[in-house]
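Everything on this sheet refers to the single structure shown next.
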Amino acid sequence: MSLRDRAAVVGVGASQYYKRGQSLPQTSLELVGKAILAALDDAGLSVGDVDGFGLYSFGLDTALVAQTLGIPEVRFSGMLTGGGGGAAGSVGLAAAAIASGMADVVVSYMTLQQAGLRRFGASFAGSEGGGGQYSAPPSPEGDFVRPAGLLGPGQMFSIVARRHMHQYGTRREHFAEVAISSRNNAIPRESALMRSPLTLDDYFDARMISDPLCLYDYCLECDGAVAVVTTSGERARDLRQPPVHVLATAHGGNGRWGQAITWMNMDDEYFASSGHRPVAKRLYEMAEVGPADVDVAELYDHFTPMVLMQLEDYGFCPIGESGAFVEAGNIRFPSGSLPVNTHGGNLSEAYIIGMTHVKEAVEQLRGTAVNQVRDAEIALVTGGPASIPVSSLLLRK
Amino acid sequence: MTDTTNTGPIRPHGAPPAELAVLTPDSWTEPFWVAAAQHRLVVPQCRRCATFRMPPSPFCYVCQAQDIDWTEQTGDGRVYSYTIIHHAVVPLMRDALPYVVAVVELPDAGGVRIVSNLVDMEPAEVEVGMPVRLVWDDVAEGVAVPRFTSAR
């Protein structure tokens, strides 16, 4: 039996979003507590109803959250391994826990506080170098990466992006279109950190960070927390909000995608991809729908070229043709055939490692989004192109 | 041998700081670094099915066998992809900017790829597909890191 339509998202909540370090003197625990309480309130539930956690890497320890909030009994606590790839899949993990009867009301969350020497973007630079608590520990595998000065995810994805440009003729103008369309979506949103218009000239005048990626190809560095509450389809019917059903979920990827950007030995066939191709296939199979049925896509956007590669891997355009696809205006809201990152994404709203994308998809399907896609019935949400597992969700009204 | 206590070895132009090359090898990767210190580039090859793999690891990803031969490579390679880094992620990198990180494939070793740098050349000259050759970078006493430069 598949997970199709077995669970529903019934609550979403968030703390305020901040630029890196500006959430102090609040603590990371405080931020996530605020997000969880807001999500429960949104659902019409209370702390007493929560009995599970479905997470992904880098979130705060569930034991600490449970004792602090006073959750009566934890019956499920699972975490997808990997990195930001698990964002959407954490809700899928919640759905799996619910469908299997292990828990009834499951919270998924992410909280991030990049104060001082704790920068997610320096996560491969060593703890002395600026990654702090987000640092990957020294390892024999790391010996084959760090001496080359390949220290940040943006640098690593620049190498993937360059390969895509080489193979398919993708240009910086295509990256710019992702940045500009996301910025346009952020402008009317009070929650967004970047609300001034971005032009093509601004883009090309910006400083290069890791060629071919410039400042605007990079997502923001933020503090904040987002929480999502999932329960059974049956229980969802009686709650405060119209349920948003988990139509399908999948996570994983090719084994030889593996650690991907720190390894760089992925098969040539899919090196210049998001790593999502096999996950997308299983997602659509479970949902019994295809890319043409998706009304709005919230695609993990740590770096603009990875949005292009996800458009290919999720079948919105043929492999290698995402540049032309975005150039034709397809991802723009409201005019495009597939509005993408209607909240402004990690690039222009806030970077909470992808959980804002789940929140936005839920609001789209409730019909309450700031940039509401008309008659949106099915939304795609993806977790970060990263080491496996990468993940995704199809949600439906 | 000249006294290296004050001056150290002459390092290739465009190589990242030596501080990054503090190694933590395990029993599978150590032979690579021991050979590197002798300026020999070696890549493990499966003794059963002849598949090359990098970095060195305990199992062949094709046949799962463990026995390997350490094959010595010329270091003639091709640029598979690259980035030119203009921004220091950490303060240590400021004086190294700009530098080129390249993924170099070794056609003679089944196309395995090595994450390295392109040194002793202008970053603007780098292209995907360009032929490169090996340059040894003696970063510290007993530690050498393979870098590459243009073979054109």
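How things are named: the first chain in the structure tokens is A, the next is B, and so on; residues count from 1 in each chain; ligands count from 1 in the order shown.
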**Request:** Show which residues sit within 9 Å of stretch 116-131 of chain B, as a VMD selection string. Count only C-alpha atoms, and ignore same-chain residues fewer than 2 positions away.
**Result:** (chain A and resid 144 to 145 147 to 150 162 to 163 166) or (chain B and resid 12 to 16 76 to 82 84 98 to 104 114 133 135 145 to 152)
**Asked** Could you write out as a PyMOL selection string the residues of chain B within 7 Å of chain A, counting only C-alpha atoms?
**Response** chain B and resi 16+20-21+23-26+29+55+81-87+89-90+101+112-113+115-117
Print the selection's residues with N, CA, C and O atoms to a file, as a CSV table (one decimal), in the first residue's frame.
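File written: result.csv
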```
chain,number,residue,atom,x,y,z
B,16,PRO,N,46.1,26.9,-3.1
B,16,PRO,CA,45.5,27.4,-1.8
B,16,PRO,C,46.5,27.3,-0.6
B,16,PRO,O,47.5,26.5,-0.8
B,20,LEU,N,45.3,24.2,4.7
B,20,LEU,CA,44.1,23.4,4.3
B,20,LEU,C,44.5,21.9,4.1
B,20,LEU,O,43.7,21.1,4.1
B,21,ALA,N,45.8,21.7,4.0
B,21,ALA,CA,46.3,20.3,3.7
B,21,ALA,C,46.7,19.6,4.9
B,21,ALA,O,47.7,18.9,4.9
B,23,LEU,N,46.1,16.6,6.8
B,23,LEU,CA,45.4,15.4,6.4
B,23,LEU,C,45.0,14.5,7.6
B,23,LEU,O,45.7,14.5,8.6
B,24,THR,N,43.9,13.7,7.4
B,24,THR,CA,43.4,12.8,8.4
B,24,THR,C,43.2,11.4,7.7
B,24,THR,O,42.1,11.0,7.6
B,25,PRO,N,44.2,10.8,7.1
B,25,PRO,CA,44.0,9.6,6.3
B,25,PRO,C,43.6,8.4,7.2
B,25,PRO,O,43.8,8.4,8.4
B,26,ASP,N,43.0,7.4,6.5
B,26,ASP,CA,42.7,6.1,7.1
B,26,ASP,C,43.5,5.1,6.4
B,26,ASP,O,44.3,5.4,5.5
B,29,THR,N,43.2,5.3,2.5
B,29,THR,CA,43.7,6.5,1.8
B,29,THR,C,45.1,6.8,2.0
B,29,THR,O,45.8,7.5,1.3
B,55,PRO,N,37.8,8.9,-4.2
B,55,PRO,CA,39.0,8.6,-3.4
B,55,PRO,C,39.1,7.1,-3.1
B,55,PRO,O,38.1,6.4,-3.3
B,81,SER,N,35.2,20.1,-15.1
B,81,SER,CA,34.5,21.3,-14.8
B,81,SER,C,35.4,22.1,-13.8
B,81,SER,O,36.4,21.6,-13.3
B,82,TYR,N,35.0,23.3,-13.5
B,82,TYR,CA,35.8,24.1,-12.7
B,82,TYR,C,35.0,25.3,-12.2
B,82,TYR,O,34.0,25.7,-12.7
B,83,THR,N,35.6,26.0,-11.2
B,83,THR,CA,35.1,27.3,-10.7
B,83,THR,C,36.3,28.2,-10.4
B,83,THR,O,37.3,27.7,-10.0
B,84,ILE,N,36.1,29.5,-10.7
B,84,ILE,CA,37.1,30.5,-10.3
B,84,ILE,C,36.6,31.2,-9.0
B,84,ILE,O,35.5,31.9,-9.1
B,85,ILE,N,37.3,31.0,-7.9
B,85,ILE,CA,36.8,31.5,-6.7
B,85,ILE,C,37.3,32.9,-6.4
B,85,ILE,O,38.5,33.1,-6.4
B,86,HIS,N,36.4,33.9,-6.2
B,86,HIS,CA,36.7,35.3,-6.0
B,86,HIS,C,36.4,35.8,-4.6
B,86,HIS,O,36.7,36.9,-4.3
B,87,HIS,N,35.8,35.0,-3.8
B,87,HIS,CA,35.3,35.4,-2.5
B,87,HIS,C,35.8,34.4,-1.5
B,87,HIS,O,35.7,33.2,-1.7
B,89,VAL,N,35.6,32.3,1.6
B,89,VAL,CA,34.6,31.8,2.5
B,89,VAL,C,35.1,32.0,4.0
B,89,VAL,O,34.3,32.3,4.9
B,90,VAL,N,36.4,31.8,4.1
B,90,VAL,CA,37.0,32.0,5.5
B,90,VAL,C,38.2,32.9,5.3
B,90,VAL,O,38.8,33.0,4.2
B,101,VAL,N,39.4,26.1,-8.7
B,101,VAL,CA,39.2,24.7,-8.3
B,101,VAL,C,38.7,23.9,-9.5
B,101,VAL,O,37.8,24.4,-10.1
B,112,VAL,N,38.3,8.4,-13.8
B,112,VAL,CA,38.0,8.9,-12.4
B,112,VAL,C,38.4,10.4,-12.3
B,112,VAL,O,39.3,10.9,-13.0
B,113,ARG,N,37.7,11.1,-11.4
B,113,ARG,CA,37.9,12.5,-11.3
B,113,ARG,C,38.6,12.8,-9.9
B,113,ARG,O,38.3,12.2,-8.9
B,115,VAL,N,39.5,16.2,-7.4
B,115,VAL,CA,39.2,17.6,-7.1
B,115,VAL,C,40.6,18.2,-6.8
B,115,VAL,O,41.3,17.8,-5.9
B,116,SER,N,40.9,19.2,-7.6
B,116,SER,CA,42.2,19.8,-7.4
B,116,SER,C,42.2,21.3,-7.8
B,116,SER,O,41.1,21.9,-7.9
B,117,ASN,N,43.4,21.8,-8.1
B,117,ASN,CA,43.4,23.2,-8.5
B,117,ASN,C,44.2,23.3,-9.8
B,117,ASN,O,45.0,22.5,-10.2
```
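Near A:Lys19, within 9 Å and counting only C-alpha atoms, sit Gln114, Leu193, Leu220, Glu221, Cys222, Asp223, Gly224 and Ala350 of chain A, not including residues fewer than 6 positions from it in the same chain.
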**Request:** Find the residue from B:Thr71, B:Tyr61, B:Pro56, B:Glu105 that sits nearest to B:Trp28; use only C-alpha atoms when measuring.
**Result:** B:Pro56
**Item:** All residues 6 Å or closer to A:Tyr56, only C-alpha atoms, same chain fewer than 5 positions away omitted, as a PyMOL selection string
**Value:** chain A and resi 79-80+86+90
Could you turn the residues from that selection into a file that holds N, CA, C and O atoms, as a PDB file, in the first residue's frame?
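So the final result, stored in result.pdb, reads:
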```pdb
ATOM      1  N   MET A  79      14.630  11.080  11.557  1.00  0.00           N
ATOM      2  CA  MET A  79      15.298  12.156  10.830  1.00  0.00           C
ATOM      3  C   MET A  79      15.873  11.610   9.534  1.00  0.00           C
ATOM      4  O   MET A  79      16.526  10.562   9.547  1.00  0.00           O
ATOM      5  N   LEU A  80      15.613  12.286   8.438  1.00  0.00           N
ATOM      6  CA  LEU A  80      16.272  11.920   7.193  1.00  0.00           C
ATOM      7  C   LEU A  80      17.736  12.313   7.297  1.00  0.00           C
ATOM      8  O   LEU A  80      18.058  13.402   7.789  1.00  0.00           O
ATOM      9  N   GLY A  86      16.671  16.850   2.593  1.00  0.00           N
ATOM     10  CA  GLY A  86      15.537  16.219   3.261  1.00  0.00           C
ATOM     11  C   GLY A  86      14.390  17.142   3.601  1.00  0.00           C
ATOM     12  O   GLY A  86      13.403  16.710   4.211  1.00  0.00           O
ATOM     13  N   SER A  90      11.027  15.516   4.984  1.00  0.00           N
ATOM     14  CA  SER A  90      10.746  15.417   6.420  1.00  0.00           C
ATOM     15  C   SER A  90       9.236  15.324   6.648  1.00  0.00           C
ATOM     16  O   SER A  90       8.784  14.625   7.560  1.00  0.00           O
TER      17      SER A  90
END
```
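One finds atom CA of A:Ser77 at 6.1 Å from atom CA of A:Gly54.
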**Request:** as JSON, numbers by chain, please: all residues of stretch 154-284 of chain A that backbone DSSP puts in strand (DSSP E or B).
**Result:** {"A": [208, 209, 210, 211, 213, 214, 218, 222, 223, 224, 225, 226, 227, 228, 229, 230, 231, 232, 244, 245, 246, 247, 248, 249, 250, 251, 252]}
Using only C-alpha atoms, which protein or nucleic acid residues come within 8 Å of stretch 366-369 of chain A? Drop anything in the same chain fewer than 4 positions from it, and give the result as a short mmCIF file (atom, residue, chain, number, x, y, z; two decimals) with N, CA and C atoms, in the first residue's frame.
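Contents of the output file around38.cif:
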```
data_model
loop_
_atom_site.label_atom_id
_atom_site.label_comp_id
_atom_site.auth_asym_id
_atom_site.auth_seq_id
_atom_site.Cartn_x
_atom_site.Cartn_y
_atom_site.Cartn_z
N GLN A 241 -8.10 24.28 9.63
CA GLN A 241 -7.82 24.66 8.23
C GLN A 241 -8.30 23.57 7.28
N PRO A 242 -8.59 23.96 6.04
CA PRO A 242 -8.83 22.90 5.04
C PRO A 242 -7.57 22.06 4.89
N PRO A 243 -7.70 20.73 4.90
CA PRO A 243 -6.50 19.90 4.82
C PRO A 243 -5.77 20.03 3.49
N VAL A 244 -4.47 19.92 3.55
CA VAL A 244 -3.65 19.86 2.35
C VAL A 244 -3.04 18.46 2.33
N GLU A 360 4.83 27.65 2.00
CA GLU A 360 4.24 28.36 0.87
C GLU A 360 3.31 27.45 0.06
N VAL A 362 1.59 24.94 1.10
CA VAL A 362 0.37 24.75 1.88
C VAL A 362 -0.54 25.97 1.73
N VAL A 373 -1.56 31.60 -6.84
CA VAL A 373 -1.73 31.04 -8.18
C VAL A 373 -3.20 30.63 -8.30
N ASP A 375 -6.57 28.96 -8.84
CA ASP A 375 -7.05 27.57 -8.92
C ASP A 375 -5.96 26.53 -8.69
N ALA A 376 -4.98 26.87 -7.87
CA ALA A 376 -3.90 25.91 -7.61
C ALA A 376 -4.46 24.69 -6.88
N LYS A 397 -4.89 19.92 -2.93
CA LYS A 397 -5.97 20.58 -2.23
C LYS A 397 -6.89 19.54 -1.61
#
```
**Message:** Please extract the residues of stretch 2-152 of chain B with a backbone DSSP assignment of alpha helix (DSSP H) and present them as an NGL selection string.
**Reply:** :B and (30-37)
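Here atom CA of A:Leu64 is placed at a distance of 12.8 Å from atom CA of A:Thr27.
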**Message:** Show me, as a PyMOL selection string, the residues that have an atom within 9 Å of A:Met102 when counting only C-alpha atoms, minus same-chain residues fewer than 6 positions from it.
**Reply:** chain A and resi 52+75-76+96
Excluding same-chain residues fewer than 3 positions from stretch 226-232 of chain A, what lies within 7 Å of it counting only C-alpha atoms, as an mmCIF file with N, CA and C atoms, in the first residue's frame?
```
data_model
loop_
_atom_site.group_PDB
_atom_site.id
_atom_site.type_symbol
_atom_site.label_atom_id
_atom_site.label_comp_id
_atom_site.auth_asym_id
_atom_site.auth_seq_id
_atom_site.Cartn_x
_atom_site.Cartn_y
_atom_site.Cartn_z
ATOM 1 N N ARG A 6 -2.562 9.461 2.390
ATOM 2 C CA ARG A 6 -2.774 8.878 3.709
ATOM 3 C C ARG A 6 -2.667 9.916 4.821
ATOM 4 N N ALA A 7 -2.033 11.031 4.525
ATOM 5 C CA ALA A 7 -1.818 12.047 5.568
ATOM 6 C C ALA A 7 -2.048 13.430 4.980
ATOM 7 N N ALA A 8 -2.187 14.396 5.866
ATOM 8 C CA ALA A 8 -2.432 15.765 5.405
ATOM 9 C C ALA A 8 -1.695 16.761 6.289
ATOM 10 N N VAL A 9 -1.234 17.824 5.666
ATOM 11 C CA VAL A 9 -0.635 18.926 6.426
ATOM 12 C C VAL A 9 -1.776 19.805 6.918
ATOM 13 N N VAL A 10 -1.784 20.026 8.232
ATOM 14 C CA VAL A 10 -2.897 20.763 8.822
ATOM 15 C C VAL A 10 -2.478 22.065 9.494
ATOM 16 N N GLY A 11 -1.164 22.253 9.664
ATOM 17 C CA GLY A 11 -0.724 23.488 10.289
ATOM 18 C C GLY A 11 0.658 23.889 9.817
ATOM 19 N N VAL A 12 0.844 25.186 9.619
ATOM 20 C CA VAL A 12 2.179 25.700 9.303
ATOM 21 C C VAL A 12 2.422 26.939 10.152
ATOM 22 N N GLY A 13 3.673 27.131 10.535
ATOM 23 C CA GLY A 13 3.998 28.309 11.346
ATOM 24 C C GLY A 13 5.455 28.656 11.201
ATOM 25 N N ALA A 14 5.785 29.892 11.508
ATOM 26 C CA ALA A 14 7.175 30.327 11.379
ATOM 27 C C ALA A 14 7.475 31.407 12.405
ATOM 28 N N SER A 15 8.718 31.512 12.765
ATOM 29 C CA SER A 15 9.180 32.677 13.508
ATOM 30 C C SER A 15 9.319 33.814 12.498
ATOM 31 N N VAL A 32 12.402 27.972 17.321
ATOM 32 C CA VAL A 32 11.651 26.807 16.854
ATOM 33 C C VAL A 32 10.403 26.601 17.696
ATOM 34 N N ALA A 35 7.785 28.779 16.280
ATOM 35 C CA ALA A 35 7.269 28.245 15.007
ATOM 36 C C ALA A 35 6.322 27.073 15.249
ATOM 37 N N ILE A 36 6.691 26.194 16.174
ATOM 38 C CA ILE A 36 5.846 25.021 16.451
ATOM 39 C C ILE A 36 4.509 25.465 17.059
ATOM 40 N N ALA A 39 2.363 26.886 14.383
ATOM 41 C CA ALA A 39 1.828 25.857 13.483
ATOM 42 C C ALA A 39 0.686 25.092 14.146
ATOM 43 N N LEU A 40 0.830 24.805 15.443
ATOM 44 C CA LEU A 40 -0.234 24.108 16.168
ATOM 45 C C LEU A 40 -1.480 24.977 16.269
ATOM 46 N N ALA A 94 6.995 12.217 8.201
ATOM 47 C CA ALA A 94 5.847 12.377 9.097
ATOM 48 C C ALA A 94 4.661 11.582 8.572
ATOM 49 N N ALA A 95 4.411 11.666 7.270
ATOM 50 C CA ALA A 95 3.287 10.932 6.664
ATOM 51 C C ALA A 95 3.475 9.431 6.827
ATOM 52 N N ILE A 98 2.648 8.387 10.320
ATOM 53 C CA ILE A 98 1.196 8.424 10.546
ATOM 54 C C ILE A 98 0.513 7.242 9.858
ATOM 55 N N ASP A 104 0.401 10.029 15.540
ATOM 56 C CA ASP A 104 -0.847 10.605 15.063
ATOM 57 C C ASP A 104 -0.687 12.050 14.605
ATOM 58 N N VAL A 105 0.036 12.829 15.394
ATOM 59 C CA VAL A 105 0.270 14.236 15.046
ATOM 60 C C VAL A 105 1.782 14.466 15.062
ATOM 61 N N VAL A 106 2.342 14.695 13.890
ATOM 62 C CA VAL A 106 3.800 14.748 13.764
ATOM 63 C C VAL A 106 4.232 16.153 13.334
ATOM 64 N N VAL A 107 5.231 16.662 14.023
ATOM 65 C CA VAL A 107 5.771 17.983 13.720
ATOM 66 C C VAL A 107 7.087 17.829 12.961
ATOM 67 N N SER A 108 7.214 18.583 11.889
ATOM 68 C CA SER A 108 8.494 18.705 11.174
ATOM 69 C C SER A 108 8.954 20.148 11.337
ATOM 70 N N TYR A 109 10.243 20.349 11.515
ATOM 71 C CA TYR A 109 10.705 21.733 11.696
ATOM 72 C C TYR A 109 12.140 21.902 11.246
ATOM 73 N N MET A 110 12.495 23.149 11.038
ATOM 74 C CA MET A 110 13.892 23.533 10.871
ATOM 75 C C MET A 110 14.094 24.833 11.617
ATOM 76 N N THR A 111 15.214 24.911 12.306
ATOM 77 C CA THR A 111 15.590 26.162 12.954
ATOM 78 C C THR A 111 17.048 26.423 12.658
ATOM 79 N N ARG A 235 -8.297 12.596 10.540
ATOM 80 C CA ARG A 235 -8.308 13.590 11.613
ATOM 81 C C ARG A 235 -8.281 15.010 11.045
ATOM 82 N N ALA A 236 -7.634 15.152 9.877
ATOM 83 C CA ALA A 236 -7.485 16.474 9.269
ATOM 84 C C ALA A 236 -8.825 17.115 8.919
ATOM 85 N N MET A 355 12.430 24.893 4.413
ATOM 86 C CA MET A 355 11.114 24.649 5.009
ATOM 87 C C MET A 355 10.098 25.723 4.657
ATOM 88 N N THR A 356 10.562 26.892 4.262
ATOM 89 C CA THR A 356 9.627 27.934 3.834
ATOM 90 C C THR A 356 8.873 27.482 2.581
#
```
**Request:** Rank nothing, just name the residue among B:Pro17, B:Pro91, B:Gly75, B:Pro107 nearest to B:His39, using only C-alpha atoms.
**Result:**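 Checking each candidate against B:His39, we get B:Gly75 as the closest.
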